[in-house]
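Coordinates as given in target-v9.json (JSON, C-alpha atoms):
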[["chain", "number", "residue", "atom", "x", "y", "z"],
["A", 1, "MET", "CA", 131.86, 134.86, 30.32],
["A", 2, "ASN", "CA", 130.77, 133.34, 33.65],
["A", 3, "ARG", "CA", 131.71, 129.88, 32.40],
["A", 4, "LEU", "CA", 135.22, 131.04, 31.39],
["A", 5, "LEU", "CA", 135.69, 132.75, 34.75],
["A", 6, "LEU", "CA", 134.49, 129.66, 36.62],
["A", 7, "ASN", "CA", 136.82, 127.48, 34.55],
["A", 8, "LYS", "CA", 139.81, 129.70, 35.43],
["A", 9, "ILE", "CA", 138.89, 129.67, 39.13],
["A", 10, "ILE", "CA", 138.63, 125.87, 39.16],
["A", 11, "LEU", "CA", 141.94, 125.61, 37.27],
["A", 12, "VAL", "CA", 143.69, 127.89, 39.77],
["A", 13, "LEU", "CA", 142.25, 126.02, 42.77],
["A", 14, "SER", "CA", 143.16, 122.64, 41.28],
["A", 15, "THR", "CA", 146.71, 123.78, 40.52],
["A", 16, "LEU", "CA", 147.10, 125.28, 43.99],
["A", 17, "SER", "CA", 145.84, 122.07, 45.63],
["A", 18, "ALA", "CA", 148.27, 119.98, 43.56],
["A", 19, "VAL", "CA", 151.18, 122.26, 44.49],
["A", 20, "ILE", "CA", 150.29, 122.08, 48.20],
["A", 21, "GLY", "CA", 150.01, 118.30, 48.11],
["A", 22, "ILE", "CA", 153.28, 117.86, 46.24],
["A", 23, "SER", "CA", 155.02, 120.34, 48.56],
["A", 24, "PHE", "CA", 154.06, 118.30, 51.62],
["A", 25, "LEU", "CA", 155.24, 115.13, 49.87],
["A", 26, "PHE", "CA", 158.63, 116.63, 49.01],
["A", 27, "TRP", "CA", 158.91, 118.04, 52.53],
["A", 28, "ILE", "CA", 158.38, 114.61, 54.02],
["A", 29, "LEU", "CA", 160.78, 112.94, 51.58],
["A", 30, "ALA", "CA", 163.43, 115.65, 52.04],
["A", 31, "THR", "CA", 163.25, 115.40, 55.84],
["A", 32, "LEU", "CA", 163.32, 111.61, 55.71],
["A", 33, "THR", "CA", 166.27, 111.61, 53.32],
["A", 34, "TYR", "CA", 168.28, 114.15, 55.31],
["A", 35, "LYS", "CA", 167.78, 112.52, 58.71],
["A", 36, "GLY", "CA", 167.86, 108.98, 57.35],
["A", 37, "VAL", "CA", 171.07, 109.31, 55.33],
["A", 38, "SER", "CA", 172.83, 111.16, 58.16],
["A", 39, "SER", "CA", 171.92, 108.29, 60.50],
["A", 40, "LEU", "CA", 173.11, 105.52, 58.18],
["A", 41, "HIS", "CA", 176.38, 103.73, 58.88],
["A", 42, "LEU", "CA", 177.95, 100.52, 57.66],
["A", 43, "SER", "CA", 177.15, 98.92, 61.01],
["A", 44, "THR", "CA", 173.47, 99.67, 60.38],
["A", 45, "PHE", "CA", 173.42, 96.84, 57.82],
["A", 46, "THR", "CA", 175.94, 94.52, 59.47],
["A", 47, "GLN", "CA", 174.60, 94.51, 63.04],
["A", 48, "ASP", "CA", 171.35, 93.22, 64.50],
["A", 49, "LEU", "CA", 168.89, 95.39, 66.41],
["A", 50, "VAL", "CA", 170.34, 94.38, 69.77],
["A", 51, "ASN", "CA", 173.63, 95.94, 68.66],
["A", 52, "GLY", "CA", 172.13, 99.02, 66.99],
["A", 53, "GLY", "CA", 171.64, 97.69, 63.45],
["A", 54, "ILE", "CA", 168.81, 96.51, 61.22],
["A", 55, "ARG", "CA", 170.25, 93.39, 59.60],
["A", 56, "ASN", "CA", 167.94, 90.95, 61.37],
["A", 57, "LEU", "CA", 164.99, 93.30, 60.76],
["A", 58, "LEU", "CA", 165.55, 93.38, 57.00],
["A", 59, "VAL", "CA", 165.93, 89.61, 56.85],
["A", 60, "GLY", "CA", 162.83, 89.09, 58.98],
["A", 61, "GLN", "CA", 160.68, 91.55, 57.03],
["A", 62, "PHE", "CA", 161.63, 90.07, 53.66],
["A", 63, "THR", "CA", 161.28, 86.51, 54.94],
["A", 64, "MET", "CA", 157.68, 87.05, 55.99],
["A", 65, "ALA", "CA", 156.87, 89.03, 52.82],
["A", 66, "LEU", "CA", 158.42, 86.42, 50.50],
["A", 67, "ILE", "CA", 156.68, 83.49, 52.21],
["A", 68, "ALA", "CA", 153.39, 85.40, 52.06],
["A", 69, "SER", "CA", 153.99, 86.06, 48.35],
["A", 70, "ALA", "CA", 154.74, 82.39, 47.69],
["A", 71, "ILE", "CA", 151.32, 81.56, 49.17],
["A", 72, "ALA", "CA", 149.29, 84.50, 47.89],
["A", 73, "VAL", "CA", 150.49, 84.64, 44.27],
["A", 74, "PRO", "CA", 149.30, 81.17, 43.15],
["A", 75, "ILE", "CA", 146.05, 81.44, 45.13],
["A", 76, "GLY", "CA", 145.32, 84.92, 43.80],
["A", 77, "MET", "CA", 146.22, 84.04, 40.21],
["A", 78, "PHE", "CA", 144.15, 80.85, 40.15],
["A", 79, "ALA", "CA", 141.19, 82.70, 41.66],
["A", 80, "GLY", "CA", 141.53, 85.52, 39.11],
["A", 81, "ILE", "CA", 141.77, 83.01, 36.25],
["A", 82, "TRP", "CA", 138.66, 81.21, 37.47],
["A", 83, "LEU", "CA", 136.72, 84.48, 37.74],
["A", 84, "ARG", "CA", 137.56, 85.53, 34.18],
["A", 85, "GLU", "CA", 137.79, 82.25, 32.28],
["A", 86, "TYR", "CA", 135.68, 79.62, 34.07],
["A", 87, "SER", "CA", 132.98, 81.33, 36.11],
["A", 88, "ASN", "CA", 130.80, 82.38, 33.14],
["A", 89, "GLN", "CA", 130.19, 85.57, 35.14],
["A", 90, "ASN", "CA", 127.72, 83.84, 37.47],
["A", 91, "LYS", "CA", 126.48, 85.11, 40.84],
["A", 92, "LEU", "CA", 129.29, 83.42, 42.75],
["A", 93, "ALA", "CA", 131.84, 85.31, 40.65],
["A", 94, "SER", "CA", 130.08, 88.58, 41.42],
["A", 95, "VAL", "CA", 130.12, 87.78, 45.15],
["A", 96, "ILE", "CA", 133.84, 86.92, 45.06],
["A", 97, "ARG", "CA", 134.65, 90.14, 43.20],
["A", 98, "ASN", "CA", 132.71, 92.21, 45.72],
["A", 99, "LEU", "CA", 134.38, 90.44, 48.66],
["A", 100, "SER", "CA", 137.77, 90.99, 47.04],
["A", 101, "ASP", "CA", 137.07, 94.71, 46.68],
["A", 102, "VAL", "CA", 135.98, 94.89, 50.32],
["A", 103, "MET", "CA", 139.12, 93.09, 51.48],
["A", 104, "MET", "CA", 141.33, 95.43, 49.44],
["A", 105, "SER", "CA", 139.88, 98.42, 51.25],
["A", 106, "ALA", "CA", 139.79, 96.81, 54.70],
["A", 107, "PRO", "CA", 142.06, 98.52, 57.26],
["A", 108, "SER", "CA", 145.18, 96.46, 57.82],
["A", 109, "ILE", "CA", 144.80, 96.72, 61.59],
["A", 110, "VAL", "CA", 141.45, 94.91, 61.32],
["A", 111, "ILE", "CA", 143.16, 92.04, 59.51],
["A", 112, "GLY", "CA", 145.83, 92.03, 62.20],
["A", 113, "VAL", "CA", 143.23, 91.77, 64.98],
["A", 114, "PHE", "CA", 141.43, 88.98, 63.10],
["A", 115, "VAL", "CA", 144.62, 86.94, 62.71],
["A", 116, "TYR", "CA", 145.54, 87.65, 66.33],
["A", 117, "ALA", "CA", 142.26, 86.16, 67.51],
["A", 118, "LEU", "CA", 142.77, 82.99, 65.46],
["A", 119, "PHE", "CA", 146.51, 82.33, 65.42],
["A", 120, "VAL", "CA", 148.06, 84.24, 68.33],
["A", 121, "ALA", "CA", 145.68, 84.32, 71.29],
["A", 122, "PRO", "CA", 144.90, 80.54, 71.24],
["A", 123, "PHE", "CA", 148.64, 79.71, 71.34],
["A", 124, "GLY", "CA", 149.55, 82.32, 73.91],
["A", 125, "ASN", "CA", 152.46, 83.92, 72.04],
["A", 126, "TYR", "CA", 153.23, 86.09, 69.03],
["A", 127, "ASN", "CA", 154.72, 84.20, 66.11],
["A", 128, "GLY", "CA", 156.04, 84.73, 62.61],
["A", 129, "PHE", "CA", 153.51, 82.35, 61.06],
["A", 130, "ALA", "CA", 150.69, 84.66, 62.16],
["A", 131, "GLY", "CA", 152.50, 87.57, 60.54],
["A", 132, "VAL", "CA", 152.81, 85.61, 57.29],
["A", 133, "ILE", "CA", 149.10, 84.78, 57.36],
["A", 134, "ALA", "CA", 148.16, 88.42, 57.91],
["A", 135, "LEU", "CA", 150.32, 89.58, 54.99],
["A", 136, "THR", "CA", 148.95, 86.79, 52.80],
["A", 137, "ILE", "CA", 145.36, 87.83, 53.51],
["A", 138, "MET", "CA", 146.25, 91.41, 52.53],
["A", 139, "MET", "CA", 147.98, 90.33, 49.33],
["A", 140, "ILE", "CA", 145.46, 87.84, 47.88],
["A", 141, "PRO", "CA", 142.64, 90.31, 47.02],
["A", 142, "ILE", "CA", 145.05, 92.61, 45.17],
["A", 143, "ILE", "CA", 146.37, 89.76, 43.02],
["A", 144, "ILE", "CA", 142.85, 88.44, 42.37],
["A", 145, "SER", "CA", 141.68, 91.85, 41.17],
["A", 146, "THR", "CA", 144.81, 92.46, 39.09],
["A", 147, "THR", "CA", 144.70, 89.04, 37.41],
["A", 148, "ASP", "CA", 140.97, 89.36, 36.70],
["A", 149, "ASN", "CA", 141.34, 92.84, 35.20],
["A", 150, "MET", "CA", 144.44, 92.02, 33.14],
["A", 151, "LEU", "CA", 142.85, 88.90, 31.64],
["A", 152, "ALA", "CA", 139.79, 90.98, 30.76],
["A", 153, "LEU", "CA", 142.02, 93.20, 28.60],
["A", 154, "VAL", "CA", 143.18, 90.27, 26.46],
["A", 155, "PRO", "CA", 141.31, 90.49, 23.11],
["A", 156, "LYS", "CA", 138.59, 87.91, 22.55],
["A", 157, "GLU", "CA", 140.12, 87.17, 19.16],
["A", 158, "LEU", "CA", 143.16, 85.55, 20.80],
["A", 159, "ARG", "CA", 140.91, 83.08, 22.57],
["A", 160, "GLU", "CA", 139.04, 82.34, 19.35],
["A", 161, "ALA", "CA", 142.33, 81.85, 17.51],
["A", 162, "GLY", "CA", 143.43, 79.31, 20.10],
["A", 163, "ILE", "CA", 140.15, 77.44, 19.78],
["A", 164, "ALA", "CA", 140.47, 77.45, 15.98],
["A", 165, "LEU", "CA", 143.89, 75.84, 16.30],
["A", 166, "GLY", "CA", 142.36, 73.06, 18.39],
["A", 167, "GLY", "CA", 143.81, 74.08, 21.72],
["A", 168, "SER", "CA", 142.16, 72.94, 24.92],
["A", 169, "LYS", "CA", 140.81, 75.42, 27.45],
["A", 170, "HIS", "CA", 143.73, 75.21, 29.86],
["A", 171, "THR", "CA", 146.29, 75.25, 27.02],
["A", 172, "ILE", "CA", 144.80, 78.43, 25.60],
["A", 173, "ILE", "CA", 144.84, 80.05, 29.05],
["A", 174, "VAL", "CA", 148.45, 79.07, 29.82],
["A", 175, "GLN", "CA", 150.02, 79.48, 26.40],
["A", 176, "ILE", "CA", 148.12, 82.48, 25.06],
["A", 177, "ILE", "CA", 146.03, 84.44, 27.55],
["A", 178, "ILE", "CA", 148.42, 84.52, 30.52],
["A", 179, "LYS", "CA", 151.38, 85.27, 28.26],
["A", 180, "ALA", "CA", 149.49, 88.21, 26.78],
["A", 181, "ALA", "CA", 148.69, 89.56, 30.26],
["A", 182, "LYS", "CA", 151.90, 88.60, 32.07],
["A", 183, "VAL", "CA", 153.30, 92.13, 32.29],
["A", 184, "GLY", "CA", 150.16, 93.51, 33.93],
["A", 185, "ILE", "CA", 149.90, 90.55, 36.31],
["A", 186, "THR", "CA", 153.57, 90.86, 37.27],
["A", 187, "THR", "CA", 153.10, 94.56, 37.91],
["A", 188, "GLY", "CA", 150.16, 93.82, 40.20],
["A", 189, "VAL", "CA", 152.22, 91.28, 42.12],
["A", 190, "LEU", "CA", 155.06, 93.79, 42.56],
["A", 191, "LEU", "CA", 152.69, 96.51, 43.77],
["A", 192, "SER", "CA", 151.01, 94.14, 46.22],
["A", 193, "PHE", "CA", 154.45, 93.11, 47.50],
["A", 194, "ALA", "CA", 155.37, 96.78, 47.91],
["A", 195, "ARG", "CA", 152.26, 97.24, 50.03],
["A", 196, "ILE", "CA", 152.86, 94.38, 52.44],
["A", 197, "ILE", "CA", 156.59, 95.06, 52.82],
["A", 198, "GLY", "CA", 155.73, 98.37, 54.45],
["A", 199, "GLU", "CA", 152.87, 97.23, 56.69],
["A", 200, "THR", "CA", 153.09, 97.73, 60.44],
["A", 201, "ALA", "CA", 149.63, 97.38, 61.97],
["A", 202, "PRO", "CA", 148.98, 93.67, 61.23],
["A", 203, "LEU", "CA", 152.46, 92.70, 62.43],
["A", 204, "LEU", "CA", 151.99, 94.51, 65.75],
["A", 205, "PHE", "CA", 149.28, 91.98, 66.61],
["A", 206, "THR", "CA", 150.86, 88.90, 65.05],
["A", 207, "SER", "CA", 154.66, 88.58, 64.76],
["A", 208, "ALA", "CA", 155.54, 91.46, 67.14],
["A", 209, "ASN", "CA", 159.33, 91.89, 67.05],
["A", 210, "ASN", "CA", 162.63, 90.27, 68.01],
["A", 211, "GLN", "CA", 165.90, 92.08, 68.71],
["A", 212, "PHE", "CA", 167.97, 89.04, 67.78],
["A", 213, "PHE", "CA", 168.57, 87.25, 64.49],
["A", 214, "THR", "CA", 166.25, 84.27, 64.14],
["A", 215, "MET", "CA", 164.52, 82.26, 61.45],
["A", 216, "ASP", "CA", 162.18, 80.49, 63.85],
["A", 217, "LEU", "CA", 158.67, 81.46, 62.79],
["A", 218, "THR", "CA", 157.10, 79.81, 65.82],
["A", 219, "GLY", "CA", 158.18, 82.69, 68.08],
["A", 220, "GLN", "CA", 158.40, 86.47, 67.91],
["A", 221, "PHE", "CA", 159.94, 87.40, 64.58],
["A", 222, "PRO", "CA", 162.07, 90.43, 63.58],
["A", 223, "SER", "CA", 160.14, 93.12, 61.75],
["A", 224, "LEU", "CA", 161.53, 96.34, 60.31],
["A", 225, "THR", "CA", 158.24, 98.24, 60.42],
["A", 226, "VAL", "CA", 157.39, 97.27, 64.00],
["A", 227, "SER", "CA", 160.91, 98.22, 65.07],
["A", 228, "ILE", "CA", 160.55, 101.66, 63.49],
["A", 229, "TYR", "CA", 157.36, 102.15, 65.47],
["A", 230, "ASN", "CA", 159.04, 101.06, 68.70],
["A", 231, "LEU", "CA", 162.32, 102.92, 68.18],
["A", 232, "ALA", "CA", 160.54, 106.20, 67.45],
["A", 233, "THR", "CA", 158.95, 106.11, 70.91],
["A", 234, "TYR", "CA", 162.19, 105.50, 72.83],
["A", 235, "PRO", "CA", 163.62, 108.49, 74.73],
["A", 236, "ASP", "CA", 167.28, 108.08, 73.74],
["A", 237, "GLU", "CA", 168.68, 109.81, 70.65],
["A", 238, "GLU", "CA", 170.43, 106.71, 69.28],
["A", 239, "SER", "CA", 167.14, 104.81, 68.99],
["A", 240, "ARG", "CA", 165.48, 107.69, 67.18],
["A", 241, "GLN", "CA", 168.40, 107.97, 64.76],
["A", 242, "LEU", "CA", 168.14, 104.25, 64.03],
["A", 243, "ALA", "CA", 164.41, 104.73, 63.45],
["A", 244, "TRP", "CA", 165.19, 107.45, 60.87],
["A", 245, "ALA", "CA", 167.75, 105.21, 59.16],
["A", 246, "ALA", "CA", 165.36, 102.26, 59.06],
["A", 247, "SER", "CA", 162.56, 104.50, 57.75],
["A", 248, "PHE", "CA", 164.77, 105.75, 54.93],
["A", 249, "VAL", "CA", 165.80, 102.22, 53.96],
["A", 250, "LEU", "CA", 162.18, 101.01, 53.99],
["A", 251, "THR", "CA", 161.01, 104.00, 51.94],
["A", 252, "ALA", "CA", 163.77, 103.39, 49.39],
["A", 253, "ILE", "CA", 162.78, 99.72, 49.09],
["A", 254, "VAL", "CA", 159.09, 100.52, 48.58],
["A", 255, "LEU", "CA", 159.94, 103.29, 46.10],
["A", 256, "ILE", "CA", 162.17, 101.01, 44.03],
["A", 257, "ILE", "CA", 159.53, 98.28, 43.88],
["A", 258, "ASN", "CA", 156.80, 100.75, 42.89],
["A", 259, "LEU", "CA", 158.97, 102.39, 40.23],
["A", 260, "THR", "CA", 159.85, 98.98, 38.83],
["A", 261, "GLY", "CA", 156.16, 98.13, 38.50],
["A", 262, "ARG", "CA", 155.35, 101.47, 36.86],
["A", 263, "TYR", "CA", 158.27, 101.12, 34.46],
["A", 264, "MET", "CA", 157.17, 97.67, 33.39],
["A", 265, "THR", "CA", 153.68, 98.96, 32.60],
["A", 266, "ARG", "CA", 154.99, 101.97, 30.68],
["A", 267, "ASN", "CA", 157.49, 99.86, 28.78],
["A", 268, "LYS", "CA", 154.73, 97.46, 27.73],
["A", 269, "LYS", "CA", 152.61, 100.32, 26.42]]

Is it possible to express this structure as structure tokens?
Amino acid sequence: MNRLLLNKIILVLSTLSAVIGISFLFWILATLTYKGVSSLHLSTFTQDLVNGGIRNLLVGQFTMALIASAIAVPIGMFAGIWLREYSNQNKLASVIRNLSDVMMSAPSIVIGVFVYALFVAPFGNYNGFAGVIALTIMMIPIIISTTDNMLALVPKELREAGIALGGSKHTIIVQIIIKAAKVGITTGVLLSFARIIGETAPLLFTSANNQFFTMDLTGQFPSLTVSIYNLATYPDEESRQLAWAASFVLTAIVLIINLTGRYMTRNKK
């Protein structure tokens, strides 16, 4: 009887906690949607920040994120492939996995300070390249872990079948193993991209922000997240409304990317 009572109490508390958590989430999303949509205008997407829009901020944010992805994806995938297929699970592989786990949980502001010390302070100015490096450092451990875990799920029999057919090691990996795990790896890449596209802290110390449209990565570079942070602290109402609009757009982008990754995984299952 005591066990049944305890089970019901735990069930009620768990349900109540879930309801409270979801309520806060919907409250935040509802407030963001209401204030963000009401602050959106066509000029928001056609004008740069200096004129009250976010066009240059979107271009700048995606430019840094895409360049970081172009660097991080091959490095992360090759590292994950080595860990699973070539390392023979030696001590070095264990060290790399542990370091990768530590880097995944490291606060983004710490990464920003680290990159600032190496690529901003010595040159005397904020720059887009430093922002790209910070985002790349954040992205690589996620892709390493995802690739390693997805390759581990590929049945051993597929590898043995490739060997029986006379395939070389790299041919088996490229033609069989990666193809079998491509959905999971792609999902991991999308989720890691969704994480860096919404990061603010590392960019505060690296790329900073630019009110004008520019593609020059050697100077301060436009950033949507940093602009939201700055605009929210300004005293005028127009800046705060633009911050709400930019926040809504950023949330929608992150949500779409995350839902795409989840859908791909569910569809594969």

Restrict the calculation to all atoms listed in the file, then for each residue of segment 135-244 of chain A with any atom at most 8 Å from an atom of segment 96-117 of chain A give the closest atom pair and their distance in Å to one decimal, rows by chain and rising residue number, as CSV.
residue,atom,partner,partner_atom,distance
A:Ile137,CA,A:Ile111,CA,7.7
A:Met138,CA,A:Met104,CA,7.1
A:Pro141,CA,A:Ser100,CA,4.9
A:Ile142,CA,A:Met104,CA,6.3
A:Ile144,CA,A:Ser100,CA,7.4
A:Ser145,CA,A:Ser100,CA,7.1
A:Glu199,CA,A:Ser108,CA,7.8
A:Ala201,CA,A:Ile109,CA,4.9
A:Pro202,CA,A:Gly112,CA,3.7
A:Leu203,CA,A:Gly112,CA,6.7
A:Leu204,CA,A:Gly112,CA,7.5
A:Phe205,CA,A:Gly112,CA,5.6
A:Thr206,CA,A:Tyr116,CA,5.6

* Please return, as number ranges by chain, all polymer residues that have at least one atom within 12 Å of the point (167.1, 80.7, 61.3); use only C-alpha atoms and the file's own coordinate frame. => A: 56, 59-60, 63, 128, 212-219, 221-222

Using C-alpha atoms, can you write the selected residues to a file as a PDB file, keeping the file's coordinate frame?
ATOM      1  CA  ASN A  56     167.940  90.950  61.370  1.00  0.00           C
ATOM      2  CA  VAL A  59     165.930  89.610  56.850  1.00  0.00           C
ATOM      3  CA  GLY A  60     162.830  89.090  58.980  1.00  0.00           C
ATOM      4  CA  THR A  63     161.280  86.510  54.940  1.00  0.00           C
ATOM      5  CA  GLY A 128     156.040  84.730  62.610  1.00  0.00           C
ATOM      6  CA  PHE A 212     167.970  89.040  67.780  1.00  0.00           C
ATOM      7  CA  PHE A 213     168.570  87.250  64.490  1.00  0.00           C
ATOM      8  CA  THR A 214     166.250  84.270  64.140  1.00  0.00           C
ATOM      9  CA  MET A 215     164.520  82.260  61.450  1.00  0.00           C
ATOM     10  CA  ASP A 216     162.180  80.490  63.850  1.00  0.00           C
ATOM     11  CA  LEU A 217     158.670  81.460  62.790  1.00  0.00           C
ATOM     12  CA  THR A 218     157.100  79.810  65.820  1.00  0.00           C
ATOM     13  CA  GLY A 219     158.180  82.690  68.080  1.00  0.00           C
ATOM     14  CA  PHE A 221     159.940  87.400  64.580  1.00  0.00           C
ATOM     15  CA  PRO A 222     162.070  90.430  63.580  1.00  0.00           C
TER      16      PRO A 222
END

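A straight line drawn from atom CA of Ala252 of chain A to atom CA of Ala30 of chain A is 12.5 Å long.
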
* **Among the residues A:Val95, A:Val226, A:Ala70, A:Ala121, the one that comes closest to Met139 of chain A [using all atoms listed in the file]** => A:Ala70

Expected axis-aligned box over every listed atom of segment 128-143 of chain A, 5 Å added per side, centre plus edges in Å to one decimal, as JSON:
{"center_x": 149.3, "center_y": 87.5, "center_z": 52.8, "size_x": 23.4, "size_y": 20.3, "size_z": 29.6}
